[in-house]
>>> print(open('target24.tsv').read())   # TSV, C-alpha atoms
chain	number	residue	atom	x	y	z
A	1	MET	CA	126.48	109.31	108.74
A	2	THR	CA	126.10	108.42	105.09
A	3	LYS	CA	124.35	105.35	103.84
A	4	ALA	CA	126.47	102.68	102.16
A	5	PRO	CA	126.02	102.89	98.37
A	6	GLY	CA	123.98	100.21	96.64
A	7	ARG	CA	124.94	98.34	93.48
A	8	TYR	CA	125.74	100.05	90.21
A	9	PHE	CA	124.96	98.97	86.65
A	10	GLU	CA	128.47	97.46	86.43
A	11	ASP	CA	127.74	95.20	89.43
A	12	TYR	CA	124.97	93.25	87.69
A	13	GLU	CA	125.22	90.55	85.05
A	14	VAL	CA	122.70	88.79	82.86
A	15	GLY	CA	121.57	85.56	84.49
A	16	GLN	CA	122.19	86.84	88.02
A	17	LYS	CA	119.44	85.74	90.43
A	18	PHE	CA	118.08	87.10	93.69
A	19	GLY	CA	115.80	85.40	96.22
A	20	SER	CA	113.57	87.10	98.78
A	21	GLY	CA	111.93	86.79	102.15
A	22	THR	CA	108.28	85.76	102.40
A	23	VAL	CA	104.94	87.44	102.92
A	24	THR	CA	101.91	85.69	104.38
A	25	VAL	CA	98.58	86.58	102.80
A	26	THR	CA	95.52	86.81	105.05
A	27	ALA	CA	91.82	87.17	104.27
A	28	GLU	CA	91.83	90.46	106.19
A	29	LYS	CA	94.68	91.89	104.09
A	30	ILE	CA	93.02	90.74	100.85
A	31	LYS	CA	89.76	92.48	101.84
A	32	ALA	CA	91.44	95.67	103.12
A	33	PHE	CA	93.34	96.16	99.86
A	34	ALA	CA	90.20	95.39	97.85
A	35	ARG	CA	88.03	97.83	99.80
A	36	GLU	CA	90.41	100.64	98.87
A	37	PHE	CA	91.53	99.68	95.36
A	38	ASP	CA	89.55	96.80	93.82
A	39	PRO	CA	86.12	96.46	95.45
A	40	GLN	CA	84.79	93.42	93.62
A	41	PRO	CA	82.90	90.52	95.29
A	42	PHE	CA	85.63	87.92	94.68
A	43	HIS	CA	88.14	90.09	96.58
A	44	LEU	CA	85.81	91.26	99.37
A	45	ASP	CA	83.78	88.40	100.77
A	46	GLU	CA	84.18	84.61	100.97
A	47	GLU	CA	80.47	83.93	100.47
A	48	ALA	CA	80.04	86.30	97.53
A	49	ALA	CA	83.26	84.96	95.96
A	50	ARG	CA	82.01	81.38	95.81
A	51	ASP	CA	79.97	81.65	92.60
A	52	THR	CA	82.46	83.80	90.68
A	53	PHE	CA	85.29	83.11	88.25
A	54	PHE	CA	87.62	82.62	91.23
A	55	HIS	CA	85.43	80.10	93.15
A	56	GLY	CA	86.43	81.66	96.46
A	57	LEU	CA	88.19	84.68	97.94
A	58	ALA	CA	91.27	85.71	95.93
A	59	ALA	CA	93.67	88.65	96.17
A	60	SER	CA	93.44	91.45	93.62
A	61	GLY	CA	96.20	91.08	91.04
A	62	TRP	CA	97.30	94.60	91.98
A	63	HIS	CA	97.60	93.47	95.58
A	64	THR	CA	99.85	90.62	94.42
A	65	ALA	CA	101.86	93.16	92.38
A	66	ALA	CA	102.22	95.40	95.45
A	67	MET	CA	103.25	92.49	97.72
A	68	THR	CA	105.77	91.47	95.06
A	69	MET	CA	107.22	94.99	95.08
A	70	ARG	CA	107.71	94.73	98.85
A	71	LEU	CA	109.56	91.40	98.47
A	72	PHE	CA	111.66	92.98	95.70
A	73	VAL	CA	112.55	96.12	97.70
A	74	ASP	CA	113.54	94.00	100.70
A	75	SER	CA	115.64	91.59	98.61
A	76	GLU	CA	119.39	91.77	98.04
A	77	ILE	CA	119.18	93.43	94.62
A	78	LYS	CA	119.59	96.98	96.08
A	79	PRO	CA	120.55	99.28	93.20
A	80	ASP	CA	122.18	102.54	94.29
A	81	GLY	CA	119.58	105.31	94.56
A	82	GLY	CA	116.71	102.85	94.93
A	83	MET	CA	114.44	100.80	92.76
A	84	ILE	CA	113.35	103.06	89.89
A	85	GLY	CA	110.90	101.34	87.56
A	86	ALA	CA	110.67	102.55	83.98
A	87	GLY	CA	107.79	100.14	83.40
A	88	GLY	CA	106.63	96.60	83.87
A	89	SER	CA	105.66	94.62	80.83
A	90	ASP	CA	103.98	91.25	80.50
A	91	LEU	CA	102.43	91.22	83.95
A	92	THR	CA	100.40	87.99	84.27
A	93	TRP	CA	98.71	86.13	87.08
A	94	PRO	CA	98.76	82.39	86.28
A	95	ARG	CA	96.72	81.40	89.36
A	96	PRO	CA	94.85	83.08	92.22
A	97	VAL	CA	96.45	84.14	95.50
A	98	ARG	CA	94.39	82.77	98.41
A	99	PRO	CA	94.14	83.49	102.15
A	100	GLY	CA	96.95	81.59	103.91
A	101	ASP	CA	99.29	81.65	100.93
A	102	VAL	CA	102.95	82.38	101.71
A	103	LEU	CA	104.59	84.17	98.81
A	104	HIS	CA	108.22	84.53	97.83
A	105	LEU	CA	109.98	86.05	94.85
A	106	GLU	CA	112.71	84.94	92.48
A	107	SER	CA	114.17	87.67	90.29
A	108	GLU	CA	116.65	87.29	87.44
A	109	VAL	CA	118.55	89.83	85.35
A	110	THR	CA	117.60	89.24	81.70
A	111	GLU	CA	119.10	92.22	79.87
A	112	LEU	CA	121.59	95.01	80.57
A	113	ARG	CA	122.31	97.94	78.31
A	114	PRO	CA	123.77	101.41	78.82
A	115	SER	CA	121.37	104.26	78.10
A	116	ARG	CA	121.94	105.72	74.64
A	117	THR	CA	121.03	109.22	75.74
A	118	ARG	CA	122.08	109.41	79.41
A	119	PRO	CA	125.66	108.28	80.15
A	120	GLU	CA	125.05	108.19	83.91
A	121	ILE	CA	122.43	105.41	83.81
A	122	GLY	CA	121.89	101.91	82.51
A	123	ILE	CA	118.75	99.95	81.69
A	124	MET	CA	118.23	96.60	83.41
A	125	LYS	CA	115.45	94.22	82.48
A	126	MET	CA	114.45	91.52	84.92
A	127	ARG	CA	112.07	88.62	85.15
A	128	LEU	CA	110.23	88.48	88.47
A	129	THR	CA	108.36	85.32	89.36
A	130	THR	CA	106.25	85.34	92.50
A	131	TYR	CA	105.57	81.87	93.93
A	132	ASN	CA	103.19	80.51	96.55
A	133	GLN	CA	104.13	77.94	99.20
A	134	ALA	CA	103.60	75.09	96.71
A	135	ASN	CA	106.16	76.76	94.41
A	136	ASP	CA	103.47	77.46	91.84
A	137	PRO	CA	103.87	80.86	90.14
A	138	VAL	CA	101.15	83.38	90.99
A	139	GLN	CA	102.61	86.36	89.13
A	140	ILE	CA	105.16	86.82	86.37
A	141	ALA	CA	106.44	90.30	85.56
A	142	SER	CA	109.21	91.69	83.36
A	143	PRO	CA	110.04	95.13	84.72
A	144	THR	CA	112.57	97.54	83.31
A	145	LEU	CA	114.70	99.33	85.91
A	146	ILE	CA	116.88	102.43	85.68
A	147	VAL	CA	120.19	101.77	87.43
A	148	PRO	CA	123.00	104.33	87.94
A	149	ARG	CA	126.41	103.66	86.39
A	150	ARG	CA	129.44	103.61	88.67
A	151	PRO	CA	130.82	107.15	89.00
A	152	HIS	CA	134.35	107.61	87.57
B	153	MET	CA	66.97	90.19	94.62
B	154	THR	CA	69.32	89.55	91.73
B	155	LYS	CA	71.85	92.05	90.51
B	156	ALA	CA	71.36	93.46	87.01
B	157	PRO	CA	73.77	91.73	84.62
B	158	GLY	CA	76.76	93.68	83.35
B	159	ARG	CA	77.93	93.92	79.78
B	160	TYR	CA	78.80	90.91	77.64
B	161	PHE	CA	81.54	90.51	75.03
B	162	GLU	CA	78.95	91.31	72.33
B	163	ASP	CA	78.21	94.68	73.98
B	164	TYR	CA	81.71	96.08	73.40
B	165	GLU	CA	83.29	97.38	70.21
B	166	VAL	CA	86.82	98.37	69.25
B	167	GLY	CA	87.29	102.11	69.72
B	168	GLN	CA	84.68	102.34	72.48
B	169	LYS	CA	85.79	104.68	75.27
B	170	PHE	CA	84.98	105.01	78.94
B	171	GLY	CA	85.70	107.88	81.32
B	172	SER	CA	85.95	107.71	85.11
B	173	GLY	CA	85.51	109.61	88.32
B	174	THR	CA	88.53	111.12	90.05
B	175	VAL	CA	90.79	110.27	92.95
B	176	THR	CA	92.75	112.85	94.94
B	177	VAL	CA	96.25	111.83	95.96
B	178	THR	CA	97.53	112.97	99.36
B	179	ALA	CA	100.98	112.81	100.96
B	180	GLU	CA	99.51	110.64	103.71
B	181	LYS	CA	98.09	108.10	101.24
B	182	ILE	CA	101.38	108.01	99.32
B	183	LYS	CA	103.30	107.29	102.52
B	184	ALA	CA	100.80	104.74	103.88
B	185	PHE	CA	100.94	102.69	100.67
B	186	ALA	CA	104.74	102.94	100.61
B	187	ARG	CA	105.14	101.85	104.23
B	188	GLU	CA	103.31	98.63	103.42
B	189	PHE	CA	104.41	97.87	99.86
B	190	ASP	CA	107.27	100.07	98.62
B	191	PRO	CA	109.29	101.52	101.52
B	192	GLN	CA	111.80	103.66	99.65
B	193	PRO	CA	112.81	107.21	100.68
B	194	PHE	CA	111.21	108.94	97.66
B	195	HIS	CA	107.81	107.43	98.58
B	196	LEU	CA	108.08	107.87	102.37
B	197	ASP	CA	109.38	111.29	103.30
B	198	GLU	CA	109.44	114.74	101.64
B	199	GLU	CA	112.87	115.65	103.00
B	200	ALA	CA	114.54	112.34	102.10
B	201	ALA	CA	112.89	112.46	98.65
B	202	ARG	CA	114.49	115.79	97.70
B	203	ASP	CA	117.88	114.48	96.59
B	204	THR	CA	116.57	111.40	94.75
B	205	PHE	CA	115.65	110.62	91.15
B	206	PHE	CA	112.15	112.01	91.84
B	207	HIS	CA	113.24	115.36	93.37
B	208	GLY	CA	110.41	115.22	95.89
B	209	LEU	CA	107.75	112.89	97.27
B	210	ALA	CA	106.16	110.71	94.58
B	211	ALA	CA	103.66	107.85	94.68
B	212	SER	CA	104.86	104.30	94.11
B	213	GLY	CA	104.03	103.19	90.57
B	214	TRP	CA	102.14	100.28	92.13
B	215	HIS	CA	100.07	102.75	94.12
B	216	THR	CA	99.21	104.53	90.87
B	217	ALA	CA	98.34	101.15	89.35
B	218	ALA	CA	96.08	100.36	92.32
B	219	MET	CA	94.36	103.78	92.19
B	220	THR	CA	93.86	103.25	88.47
B	221	MET	CA	92.19	99.91	89.15
B	222	ARG	CA	89.77	101.66	91.51
B	223	LEU	CA	88.87	104.24	88.85
B	224	PHE	CA	88.43	101.40	86.35
B	225	VAL	CA	86.21	99.28	88.64
B	226	ASP	CA	84.02	102.31	89.40
B	227	SER	CA	83.74	103.34	85.73
B	228	GLU	CA	80.90	102.45	83.37
B	229	ILE	CA	82.71	99.56	81.68
B	230	LYS	CA	81.13	96.92	83.99
B	231	PRO	CA	81.61	93.53	82.33
B	232	ASP	CA	79.23	90.84	83.60
B	233	GLY	CA	80.84	88.80	86.38
B	234	GLY	CA	83.37	91.54	87.17
B	235	MET	CA	86.70	92.77	85.96
B	236	ILE	CA	88.87	89.69	85.40
B	237	GLY	CA	92.39	90.57	84.34
B	238	ALA	CA	94.37	88.03	82.35
B	239	GLY	CA	97.38	90.33	82.51
B	240	GLY	CA	98.56	93.86	82.00
B	241	SER	CA	101.28	94.50	79.48
B	242	ASP	CA	103.29	97.61	78.76
B	243	LEU	CA	102.71	99.30	82.09
B	244	THR	CA	104.64	102.58	82.07
B	245	TRP	CA	104.75	105.68	84.26
B	246	PRO	CA	105.64	108.69	82.09
B	247	ARG	CA	105.78	111.15	85.02
B	248	PRO	CA	105.56	111.07	88.84
B	249	VAL	CA	102.30	111.26	90.79
B	250	ARG	CA	102.59	113.98	93.45
B	251	PRO	CA	100.68	114.94	96.61
B	252	GLY	CA	97.65	117.00	95.58
B	253	ASP	CA	97.32	115.38	92.16
B	254	VAL	CA	93.77	114.58	91.05
B	255	LEU	CA	93.75	111.54	88.79
B	256	HIS	CA	91.23	110.32	86.26
B	257	LEU	CA	91.19	107.49	83.75
B	258	GLU	CA	90.35	107.14	80.09
B	259	SER	CA	89.99	103.59	78.82
B	260	GLU	CA	89.54	102.41	75.25
B	261	VAL	CA	88.77	99.00	73.75
B	262	THR	CA	91.61	98.14	71.36
B	263	GLU	CA	90.95	94.50	70.46
B	264	LEU	CA	88.15	91.97	70.80
B	265	ARG	CA	88.39	88.29	69.97
B	266	PRO	CA	86.45	85.21	70.98
B	267	SER	CA	88.45	82.65	72.95
B	268	ARG	CA	89.65	79.82	70.73
B	269	THR	CA	89.34	77.25	73.50
B	270	ARG	CA	86.47	78.47	75.68
B	271	PRO	CA	83.27	79.34	73.80
B	272	GLU	CA	81.74	81.06	76.84
B	273	ILE	CA	84.32	83.87	77.03
B	274	GLY	CA	85.94	86.55	74.92
B	275	ILE	CA	89.25	88.36	75.21
B	276	MET	CA	89.18	92.17	75.36
B	277	LYS	CA	92.31	94.27	75.19
B	278	MET	CA	92.18	97.85	76.38
B	279	ARG	CA	94.40	100.87	76.63
B	280	LEU	CA	94.14	102.62	79.98
B	281	THR	CA	95.62	106.08	80.34
B	282	THR	CA	95.65	107.65	83.79
B	283	TYR	CA	95.90	111.45	83.74
B	284	ASN	CA	96.62	114.07	86.38
B	285	GLN	CA	94.72	117.37	86.74
B	286	ALA	CA	96.90	118.95	84.00
B	287	ASN	CA	95.80	116.17	81.62
B	288	ASP	CA	99.34	114.82	81.51
B	289	PRO	CA	99.50	111.00	81.46
B	290	VAL	CA	100.96	109.45	84.64
B	291	GLN	CA	100.36	105.80	83.72
B	292	ILE	CA	99.69	103.89	80.53
B	293	ALA	CA	98.63	100.26	80.69
B	294	SER	CA	97.34	97.73	78.17
B	295	PRO	CA	95.47	95.10	80.15
B	296	THR	CA	93.80	92.02	78.76
B	297	LEU	CA	90.40	91.21	80.24
B	298	ILE	CA	88.31	88.06	80.17
B	299	VAL	CA	84.69	88.93	79.36
B	300	PRO	CA	81.76	86.49	79.27
B	301	ARG	CA	79.86	85.99	76.01
B	302	ARG	CA	76.13	86.60	76.00
B	303	PRO	CA	74.33	83.37	76.95
B	304	HIS	CA	72.15	81.89	74.20
>>> encode(input="target24.tsv", output="structure tokens")
Amino acid sequence: MTKAPGRYFEDYEVGQKFGSGTVTVTAEKIKAFAREFDPQPFHLDEEAARDTFFHGLAASGWHTAAMTMRLFVDSEIKPDGGMIGAGGSDLTWPRPVRPGDVLHLESEVTELRPSRTRPEIGIMKMRLTTYNQANDPVQIASPTLIVPRRPH
Amino acid sequence: MTKAPGRYFEDYEVGQKFGSGTVTVTAEKIKAFAREFDPQPFHLDEEAARDTFFHGLAASGWHTAAMTMRLFVDSEIKPDGGMIGAGGSDLTWPRPVRPGDVLHLESEVTELRPSRTRPEIGIMKMRLTTYNQANDPVQIASPTLIVPRRPH
């Protein structure tokens, strides 16, 4: 059995949009991620978070980035060979992610260009906006992906 | 008991550098992160990873970003009120992170400016380079932090 191929560079176009499923954020998940990767009071404990910049428990921005990646991987974008990130510029977090938030992702192709040095790949830039259940953006990212060109 | 205050905006200077401890990457940690946040063959299974872009098991870039945050939080930079990220631009991964890698971080202050709109905070840009045990960079990031000004 061989896996069906994903999309090639030639299958994308600028302006193309992809939706996603959802992920529900819980206090326990926020704290578990923070204990391992970002152990600061505003990510670890409701009480300790109250008098901080965040005025209450909030997810680490890197947790939001990781949850966004999961929504992105599970979405319909599916480049052949997988999601290979060359980088992610302009990552911002316009508002905190809170316990109980339900996140979803909207991704849009913003730029497509063949690689100058490697004829077998193309470069695809995207804009990824992660929203909460109120449709307020909680993360904006502009990753660059490496996408294979369709074999001749 | 009150916690000793951290550093204020006035305590940093452009060019100032901070080191870090280390984190050891294992195959099990790579796979556990990937199962939750980035379930793609090259992050999940040695055998399946062999014929991919990465030619073997590699950590998700978002796992590397999260491990970097842990090194950063545990380092001596310690702004008062915690590490508040306004964003992270130009995140790139020059080479894969592999099982057995031992990572450390070097961070440098690249820009300091008072906020134009909020007199109680300053904006600090940094360059964070995450290295493996061979001192080859595995991630470069340029986050912007919000740092409190020293109270009068």
>>> interface_residues(input="target24.tsv", of="chain B", to="chain A", cutoff="7 Å", atoms="only C-alpha atoms", output="ChimeraX atom specification")
/B:189-190,192,204,214,218-219,221-222,225,233-234,238-245
>>> atom_distance(input="target24.tsv", atom1="CA of Glu108 in chain A", atom2="CA of Met126 in chain A")
5.4 Å
>>> residues_near_point(input="target24.tsv", point="(100.9, 108.8, 97.4)", cutoff="7 Å", atoms="all atoms listed in the file", output="MDAnalysis selection string")
chainID B and resid 177:183 185 210:212 215 250:251
>>> atom_distance(input="target24.tsv", atom1="CA of Met276 in chain B", atom2="CA of Val261 in chain B")
7.0 Å
>>> atom_distance(input="target24.tsv", atom1="CA of Ile123 in chain A", atom2="CA of Asp11 in chain A")
12.8 Å
>>> residues_around(input="target24.tsv", residues="Asn284 in chain B", least_positions_apart="2", cutoff="9 Å", atoms="all atoms listed in the file", output="list in words")
Val249, Asp253, Val254, Leu255, His256, Leu257, Thr282, Ala286, Asn287, Asp288, Pro289 and Val290 of chain B
>>> residues_near_point(input="target24.tsv", point="(72.9, 82.2, 76.5)", cutoff="12 Å", atoms="only C-alpha atoms", output="PyMOL selection string")
chain B and resi 160+162+271-273+300-304
>>> closest_residue(input="target24.tsv", among="B:Ile229, B:Val175, B:Lys277, B:Phe170", to="Thr216 in chain B", atoms="all atoms listed in the file")
B:Val175
>>> closest_residue(input="target24.tsv", among="B:Arg202, B:Gly252, B:Glu228, B:Ser259", to="Thr176 in chain B", atoms="only C-alpha atoms")
B:Gly252
>>> decode(input="target24.tsv", residues="range 164-185 of chain B", atoms="N, CA and C atoms", output="CSV table (one decimal), in the first residue's frame")
chain,number,residue,atom,x,y,z
B,164,TYR,N,19.2,46.9,31.4
B,164,TYR,CA,19.7,46.2,30.2
B,164,TYR,C,20.4,47.2,29.3
B,165,GLU,N,21.3,46.6,28.5
B,165,GLU,CA,22.0,47.5,27.5
B,165,GLU,C,22.2,46.7,26.2
B,166,VAL,N,22.2,47.4,25.1
B,166,VAL,CA,22.3,46.8,23.8
B,166,VAL,C,23.7,46.1,23.7
B,167,GLY,N,23.8,44.9,23.3
B,167,GLY,CA,25.0,44.1,23.2
B,167,GLY,C,25.2,43.2,24.4
B,168,GLN,N,24.4,43.4,25.4
B,168,GLN,CA,24.4,42.5,26.6
B,168,GLN,C,24.0,41.1,26.2
B,169,LYS,N,24.8,40.1,26.7
B,169,LYS,CA,24.6,38.7,26.4
B,169,LYS,C,24.3,37.8,27.6
B,170,PHE,N,23.5,36.8,27.4
B,170,PHE,CA,23.1,35.9,28.4
B,170,PHE,C,23.3,34.4,27.9
B,171,GLY,N,23.9,33.6,28.7
B,171,GLY,CA,24.0,32.2,28.4
B,171,GLY,C,22.8,31.4,28.9
B,172,SER,N,22.9,30.1,29.0
B,172,SER,CA,21.8,29.3,29.5
B,172,SER,C,22.4,28.0,30.0
B,173,GLY,N,21.5,27.2,30.6
B,173,GLY,CA,21.8,25.8,30.9
B,173,GLY,C,21.7,25.0,29.6
B,174,THR,N,21.5,23.7,29.8
B,174,THR,CA,21.3,22.8,28.6
B,174,THR,C,20.0,22.0,28.7
B,175,VAL,N,19.6,21.5,27.6
B,175,VAL,CA,18.5,20.5,27.6
B,175,VAL,C,18.9,19.4,26.6
B,176,THR,N,18.7,18.2,27.1
B,176,THR,CA,19.0,17.0,26.3
B,176,THR,C,17.8,16.5,25.6
B,177,VAL,N,17.9,16.3,24.3
B,177,VAL,CA,16.7,15.9,23.4
B,177,VAL,C,16.8,14.4,23.3
B,178,THR,N,15.6,13.8,23.5
B,178,THR,CA,15.5,12.3,23.4
B,178,THR,C,14.5,12.0,22.3
B,179,ALA,N,14.6,10.8,21.7
B,179,ALA,CA,13.7,10.3,20.7
B,179,ALA,C,12.3,10.3,21.4
B,180,GLU,N,12.2,9.9,22.6
B,180,GLU,CA,10.9,9.8,23.2
B,180,GLU,C,10.2,11.2,23.4
B,181,LYS,N,11.0,12.2,23.8
B,181,LYS,CA,10.5,13.6,23.9
B,181,LYS,C,10.1,14.1,22.5
B,182,ILE,N,10.9,13.8,21.5
B,182,ILE,CA,10.5,14.3,20.1
B,182,ILE,C,9.2,13.7,19.7
B,183,LYS,N,9.0,12.4,20.0
B,183,LYS,CA,7.8,11.7,19.5
B,183,LYS,C,6.6,12.2,20.4
B,184,ALA,N,6.8,12.4,21.7
B,184,ALA,CA,5.6,12.8,22.5
B,184,ALA,C,5.1,14.2,22.1
B,185,PHE,N,6.0,15.1,21.9
B,185,PHE,CA,5.6,16.4,21.4
B,185,PHE,C,4.9,16.3,20.1
